[in-house]
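I have placed the structure first, in the form of structure tokens, so that the comments after it can refer back to it.
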Amino acid sequence: MRRDDLSDLLAFLAVARERSFTKAARKAGVSQSALSQTVRRFEERLGLRLLGRTTRSVSPTHAGEAVRVPLAGSTLVRVPFRGHSEEILRSLTALSDVMCTGHHAAISGGVKPGGVVAVVGDGAVGLCATIASRRLGAGWIIVLSRNRRRQELARAFGATDILDGRGDAAVRAVKDLTNGIGVDSSQECVGTGESLKTAMNIARPGSVVAAIGAPHGVDFPVMDTVVYRNIGLRGGVAPARAYIPDLLADVLEGRINPGMVFDFETKLDGIVEAYRAMDERRAIKSLLRIGAV
């Protein structure tokens, strides 16, 4: 390796280790601009953009050919055996993301054997919440969806009823279906103010609402519902690493198949279209195929 190549490599590793151009430059005794140029030169030599970054720090999340994984020794999960089928590989991919989030919705919503569940949202997370609710023994699973393809998948995943209403119409439909009582576990898997309001209004008094969708536009008095209707509210970011060991065996044995949510596939250079397809609801979840194993 040439001296210049080694210098650039060391500079790149320094930034990756510190996750900050400012800290790495200070330790190396060089300007941040000079270090940035050196790292960029190294990336261009490889033909890759290895670090997604802002002007101040390395971004911990990005789509790229490679990624640095902090604490990989404790965050990665070893999958036993080799030669898994394409179906299993897709489900393992879902297990690293949306399946654990859907499972978190069911856990947070307190799903119990024989219970009545409603899932608000028919995206990948909502569909995986349907899988999780069935897996935990729910006796009645109502999914709110207005998309035929997603309705079919929800039924395949264990939904007993599909309602295509929205907002107040959805609330009336769920109440009519449950004889005016509401559901034991209401799982909000979208994040909008309307979806959270729907989830809370279809929950029976004393039940739990799981708020899993990233919140945006929530402008109604949530706490009034919590206090005056005695509705529990739980949720948050899914602790995927804690859930994966429990779910992994079910994926490998074929008892659950969350990989079915991937209905659009492309390579890395088609990532813009992958996001566009999901945004336009032409795809439930996009799968990027980087290479082969």
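By convention here, the chains of the structure tokens are called A, B, ... in the order presented, each chain's residues are numbered starting at 1, and ligands are numbered starting at 1 in the order presented.
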Non-local contacts of segment 111-118 of chain A (10 Å; only C-alpha atoms; under 5 positions in same chain excluded) as a PyMOL selection string: chain A and resi 105-106+126+129-130+132-144+159-163+174+178+182-188+199+202-203+208-209
Any chance you can output those residues with C-alpha atoms as an mmCIF file, in the first residue's frame?
data_model
loop_
_atom_site.group_PDB
_atom_site.id
_atom_site.type_symbol
_atom_site.label_atom_id
_atom_site.label_comp_id
_atom_site.auth_asym_id
_atom_site.auth_seq_id
_atom_site.Cartn_x
_atom_site.Cartn_y
_atom_site.Cartn_z
ATOM 1 C CA ALA A 105 -47.351 -3.050 19.124
ATOM 2 C CA ALA A 106 -48.902 -6.316 20.270
ATOM 3 C CA GLY A 126 -49.571 -2.912 10.958
ATOM 4 C CA ALA A 129 -48.751 -6.408 14.300
ATOM 5 C CA THR A 130 -51.466 -8.689 12.929
ATOM 6 C CA ALA A 132 -47.849 -10.814 16.333
ATOM 7 C CA SER A 133 -51.396 -10.576 17.697
ATOM 8 C CA ARG A 134 -52.297 -13.957 16.247
ATOM 9 C CA ARG A 135 -49.037 -15.404 17.563
ATOM 10 C CA LEU A 136 -49.932 -14.193 21.075
ATOM 11 C CA GLY A 137 -53.325 -15.874 20.866
ATOM 12 C CA ALA A 138 -55.773 -13.033 20.125
ATOM 13 C CA GLY A 139 -59.207 -14.454 19.399
ATOM 14 C CA TRP A 140 -60.544 -11.571 17.311
ATOM 15 C CA ILE A 141 -58.329 -9.392 15.138
ATOM 16 C CA ILE A 142 -59.865 -6.409 13.357
ATOM 17 C CA VAL A 143 -57.690 -4.635 10.782
ATOM 18 C CA LEU A 144 -58.573 -1.220 9.380
ATOM 19 C CA ALA A 159 -57.110 -10.988 10.631
ATOM 20 C CA THR A 160 -60.656 -12.151 11.340
ATOM 21 C CA ASP A 161 -62.350 -8.953 10.160
ATOM 22 C CA ILE A 162 -61.402 -6.166 7.739
ATOM 23 C CA LEU A 163 -63.011 -2.743 7.989
ATOM 24 C CA VAL A 174 -65.680 -1.092 15.168
ATOM 25 C CA THR A 178 -68.198 -5.182 19.038
ATOM 26 C CA GLY A 182 -64.734 -1.525 21.713
ATOM 27 C CA VAL A 183 -61.544 -3.571 21.726
ATOM 28 C CA ASP A 184 -59.208 -4.857 24.433
ATOM 29 C CA SER A 185 -56.028 -3.918 22.557
ATOM 30 C CA SER A 186 -55.919 -1.044 20.090
ATOM 31 C CA GLN A 187 -52.703 -0.815 18.079
ATOM 32 C CA GLU A 188 -51.874 2.461 16.327
ATOM 33 C CA ALA A 199 -57.177 3.972 17.993
ATOM 34 C CA ILE A 202 -62.228 2.298 19.511
ATOM 35 C CA ALA A 203 -60.594 1.128 22.753
ATOM 36 C CA VAL A 208 -54.626 -0.315 26.342
ATOM 37 C CA VAL A 209 -53.669 1.639 23.246
#
For Arg234 of chain A: contacts at 9 Å, only C-alpha atoms, fewer than 2 positions along chain excluded, given as a PyMOL selection string: chain A and resi 105+108-109+208-212+232+236
Selection near segment 266-274 of chain A, 8 Å with only C-alpha atoms, sequence-local residues under 4 positions removed, as a list in words: Gly64, Met278, Ser286, Leu287, Leu288, Arg289 and Ile290 of chain A
Separation of atom CA of Ile244 of chain A from atom CA of Asn147 of chain A, in Å and rounded to one decimal: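 If I compute the distance from atom CA of Ile244 of chain A to atom CA of Asn147 of chain A, I get 29.1 Å.
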List the neighbours of Asp263 of chain A out to 7 Å using only C-alpha atoms; skip same-chain residues closer than 5 positions along the sequence, and give me the result as a PDB file with C-alpha atoms, in the first residue's frame.
ATOM      1  CA  ALA A 283     -45.610  -1.025  -2.408  1.00  0.00           C
ATOM      2  CA  ILE A 284     -46.061  -2.170   1.174  1.00  0.00           C
ATOM      3  CA  LYS A 285     -42.345  -2.565   1.810  1.00  0.00           C
ATOM      4  CA  SER A 286     -39.404  -2.321  -0.589  1.00  0.00           C
TER       5      SER A 286
END
How close does segment 100-171 of chain A get to segment 79-95 of chain A? List, as a Markdown table, each residue of segment 100-171 of chain A within 12 Å, its nearest atom pair and the distance in Å to one decimal, counting only C-alpha atoms.
| residue | atom | partner | partner_atom | distance |
| --- | --- | --- | --- | --- |
| A:Cys100 | CA | A:Leu95 | CA | 6.0 |
| A:Thr101 | CA | A:Leu95 | CA | 8.9 |
| A:Gly102 | CA | A:Leu95 | CA | 9.8 |
| A:His103 | CA | A:Leu95 | CA | 9.8 |
| A:His104 | CA | A:Leu95 | CA | 11.9 |
| A:Ala124 | CA | A:Ala94 | CA | 9.0 |
| A:Val125 | CA | A:Ala94 | CA | 9.8 |
| A:Leu127 | CA | A:Ala94 | CA | 11.4 |
| A:Cys128 | CA | A:Ala94 | CA | 9.0 |
| A:Ile131 | CA | A:Leu95 | CA | 11.8 |
| A:Ala132 | CA | A:Leu95 | CA | 11.6 |
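The residues of segment 115-184 of chain A that DSSP classifies as strand (DSSP E or B), using the backbone of this structure, are Val116, Val117, Ala118, Val119, Val120, Trp140, Ile141, Ile142, Val143, Leu144, Asp161, Ile162, Leu163, Val183 and Asp184 of chain A.
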From A:Gly180, A:Gly110, A:Gly121, A:Pro221, residue lying nearest Asp164 of chain A [only C-alpha atoms]: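 Ranking A:Gly180, A:Gly110, A:Gly121, A:Pro221 by distance to Asp164 of chain A, first place goes to A:Gly121.
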